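One file, coords34.cif, is given below (mmCIF, C-alpha atoms).
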```
data_coords
loop_
_atom_site.group_PDB
_atom_site.id
_atom_site.type_symbol
_atom_site.label_atom_id
_atom_site.label_comp_id
_atom_site.auth_asym_id
_atom_site.auth_seq_id
_atom_site.Cartn_x
_atom_site.Cartn_y
_atom_site.Cartn_z
ATOM 1 C CA MET M 56 6.479 1.724 9.705
ATOM 2 C CA VAL M 57 3.106 1.465 8.012
ATOM 3 C CA THR M 58 0.256 -0.535 9.518
ATOM 4 C CA VAL M 59 -2.397 -1.811 7.128
ATOM 5 C CA VAL M 60 -5.683 -3.268 8.373
ATOM 6 C CA VAL M 61 -8.028 -4.986 5.929
ATOM 7 C CA ASP M 62 -11.756 -5.054 6.703
ATOM 8 C CA ARG M 63 -12.788 -8.347 5.103
ATOM 9 C CA ALA M 64 -16.485 -7.394 5.092
ATOM 10 C CA SER M 65 -16.059 -4.160 3.112
ATOM 11 C CA GLY M 66 -12.675 -4.804 1.461
ATOM 12 C CA ARG M 67 -11.509 -1.377 2.643
ATOM 13 C CA LEU M 68 -8.039 -0.705 4.010
ATOM 14 C CA THR M 69 -7.098 1.482 6.942
ATOM 15 C CA LEU M 70 -3.508 2.760 6.831
ATOM 16 C CA ALA M 71 -1.451 4.400 9.546
ATOM 17 C CA ALA M 72 2.165 5.501 9.044
ATOM 18 C CA ALA M 73 4.730 6.215 11.740
ATOM 19 C CA ARG M 74 7.964 8.118 11.060
ATOM 20 C CA LEU M 75 7.344 8.064 7.311
ATOM 21 C CA SER M 76 8.693 11.102 5.488
ATOM 22 C CA VAL M 77 8.849 11.610 1.722
ATOM 23 C CA PRO M 78 9.019 15.416 1.290
ATOM 24 C CA GLY M 79 7.795 16.578 -2.102
ATOM 25 C CA ARG M 80 6.850 13.015 -3.093
ATOM 26 C CA SER M 81 4.078 10.480 -2.411
ATOM 27 C CA ALA M 82 4.342 7.149 -0.604
ATOM 28 C CA GLN M 83 2.379 4.492 -2.469
ATOM 29 C CA LEU M 84 1.240 1.117 -1.116
ATOM 30 C CA TRP M 85 1.407 -2.016 -3.274
ATOM 31 C CA VAL M 86 0.479 -5.672 -2.960
ATOM 32 C CA ILE M 87 2.729 -8.022 -4.909
ATOM 33 C CA ALA M 88 1.037 -11.126 -6.290
ATOM 34 C CA ASN M 89 2.733 -13.609 -8.599
ATOM 35 C CA GLY M 90 5.646 -11.179 -8.888
ATOM 36 C CA THR M 91 3.420 -8.345 -10.143
ATOM 37 C CA PRO M 92 2.924 -5.183 -8.052
ATOM 38 C CA ARG M 93 -0.659 -3.874 -7.885
ATOM 39 C CA ALA M 94 -1.361 -0.386 -6.555
ATOM 40 C CA LEU M 95 -3.477 -0.117 -3.416
ATOM 41 C CA GLY M 96 -3.302 3.643 -2.908
ATOM 42 C CA LEU M 97 -1.325 6.488 -1.384
ATOM 43 C CA VAL M 98 -0.136 6.525 2.215
ATOM 44 C CA ASP M 99 -0.761 9.784 4.086
ATOM 45 C CA PRO M 100 2.209 10.120 6.454
ATOM 46 C CA GLY M 101 0.330 12.690 8.550
ATOM 47 C CA ALA M 102 -2.888 10.864 9.415
ATOM 48 C CA PRO M 103 -4.581 7.477 9.238
ATOM 49 C CA SER M 104 -6.488 7.014 6.002
ATOM 50 C CA ARG M 105 -9.025 4.636 4.485
ATOM 51 C CA LEU M 106 -8.756 3.250 0.979
ATOM 52 C CA ALA M 107 -10.877 1.112 -1.279
ATOM 53 C CA PRO M 108 -8.538 -1.054 -3.383
ATOM 54 C CA PRO M 109 -9.164 -1.110 -7.139
ATOM 55 C CA PRO M 110 -11.518 -3.852 -8.381
ATOM 56 C CA GLY M 111 -9.874 -7.264 -8.376
ATOM 57 C CA VAL M 112 -7.065 -6.250 -6.016
ATOM 58 C CA ALA M 113 -8.789 -6.821 -2.641
ATOM 59 C CA PRO M 114 -8.789 -10.644 -3.077
ATOM 60 C CA LEU M 115 -4.964 -10.512 -3.273
ATOM 61 C CA LEU M 116 -4.787 -9.250 0.344
ATOM 62 C CA THR M 117 -4.463 -12.629 2.008
ATOM 63 C CA PRO M 118 -2.152 -13.855 4.772
ATOM 64 C CA GLY M 119 1.310 -14.259 3.294
ATOM 65 C CA ALA M 120 0.841 -11.557 0.644
ATOM 66 C CA THR M 121 3.778 -9.192 0.213
ATOM 67 C CA LEU M 122 3.084 -5.501 0.778
ATOM 68 C CA ALA M 123 5.471 -2.730 -0.228
ATOM 69 C CA VAL M 124 5.691 1.066 -0.072
ATOM 70 C CA SER M 125 7.515 2.986 -2.787
ATOM 71 C CA VAL M 126 8.408 6.656 -3.155
ATOM 72 C CA GLU M 127 6.594 8.119 -6.156
ATOM 73 C CA PRO M 128 5.919 11.493 -7.771
ATOM 74 C CA VAL M 129 3.198 13.526 -6.072
ATOM 75 C CA GLY M 130 -0.113 11.792 -6.770
ATOM 76 C CA GLY M 131 1.410 8.340 -7.253
ATOM 77 C CA SER M 132 3.072 6.310 -9.951
ATOM 78 C CA PRO M 133 2.374 7.606 -13.452
ATOM 79 C CA THR M 134 2.840 4.124 -14.936
ATOM 80 C CA GLY M 135 0.772 1.909 -12.634
ATOM 81 C CA LYS M 136 3.978 0.194 -11.496
ATOM 82 C CA PRO M 137 6.493 1.345 -8.869
ATOM 83 C CA THR M 138 8.859 3.899 -10.398
ATOM 84 C CA GLY M 139 10.758 5.021 -7.311
ATOM 85 C CA PRO M 140 12.656 3.203 -4.600
ATOM 86 C CA VAL M 141 10.851 0.695 -2.402
ATOM 87 C CA ILE M 142 11.348 1.857 1.179
ATOM 88 C CA LEU M 143 9.269 -0.672 3.122
ATOM 89 C CA THR M 144 8.197 -4.275 2.639
ATOM 90 C CA GLY M 145 6.277 -6.680 4.796
ATOM 91 C CA VAL M 146 4.120 -9.780 4.771
ATOM 92 C CA ALA M 147 0.400 -9.724 5.547
ATOM 93 C CA ARG M 148 -0.730 -11.858 8.451
ATOM 94 C CA ALA M 149 -4.086 -12.727 9.955
ATOM 95 C CA THR M 150 -4.816 -11.488 13.453
#
```

Mind converting the file's structure to structure tokens?
Amino acid sequence: MVTVVVDRASGRLTLAAARLSVPGRSAQLWVIANGTPRALGLVDPGAPSRLAPPPGVAPLLTPGATLAVSVEPVGGSPTGKPTGPVILTGVARAT
């Protein structure tokens, strides 16, 4: 499970992963808008982390947005799109 919290004021994300293991690989978080995945950053399975989404991506993080985590080469996708299997998906909701 990966928990993602969006700070609307700063646009920054806080990520926390539980029982996520991708030895020798990286877990990468995506938001999918209009069928197109956009990279949000890498998930550190060992500790909570903070990310600043790339310009133009933060506005896509709205209630109902689809989030996904894929397994990628170390350092993340070399293509800017998911290249490995998607291991988690979820829908953003307001709290």

Expansion of the PyMOL selection byres ((chain M and resi 128-139) around 8) into residues, as an NGL selection string: :M and (79-83 or 92-94 or 96-97 or 125-127 or 140-141)

Given the PyMOL selection byres ((chain M and resi 149) around 6), the residues it picks as number ranges by chain: M: 118, 148, 150

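Of note, CA of Leu70 in chain M and CA of Gly90 in chain M are spaced 22.9 Å apart.
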
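For the choices M:Val59, M:Ile142, M:Val77, M:Leu116, the atom-to-atom distance to Gly101 in chain M is smallest for M:Val77 when using only C-alpha atoms.
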
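Look at Val112 in chain M: the protein and nucleic acid residues within 9 Å of it, using all atoms listed in the file and passing over chain neighbours fewer than 2 places away, are Val86, Arg93, Ala94, Leu95, Pro108, Pro109, Pro110, Pro114, Leu115 and Leu116 of chain M.
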
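Nearest residue to Pro103 in chain M, choosing from M:Met56, M:Ala88, M:Ala147, M:Ala71 and counting all atoms listed in the file: M:Ala71.
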
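Counting only C-alpha atoms, the residue from M:Pro100, M:Trp85, M:Thr91, M:Arg105 that sits nearest to Leu68 in chain M is M:Arg105.
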
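Between CA of Ser104 in chain M and CA of Asn89 in chain M the interatomic distance comes to 26.9 Å.
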
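Counting from CA of Ala102 in chain M, the distance to CA of Ala72 in chain M is 7.4 Å.
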
Nearest to Val146 in chain M by atom-to-atom distance, counting all atoms listed in the file, from M:Asp62, M:Gly119, M:Ile87, M:Val124: M:Gly119

Edge lengths and centre in Å to one decimal, as AutoDock Vina command-line options, of the axis-aligned box that encloses all listed atoms of range 108-127 of chain M with 3 Å added on every side?
```
--center_x -1.6 --center_y -3.1 --center_z -1.8 --size_x 25.9 --size_y 28.4 --size_z 19.2
```

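Among the candidates M:Leu84, M:Ala107, M:Ser65, M:Arg74, the one nearest to Gly145 in chain M when counting all atoms listed in the file is M:Leu84.
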
Residue with smallest distance to Thr144 in chain M - pool M:Ala120, M:Ala73, M:Val61, M:Val98, counting all atoms listed in the file: M:Ala120
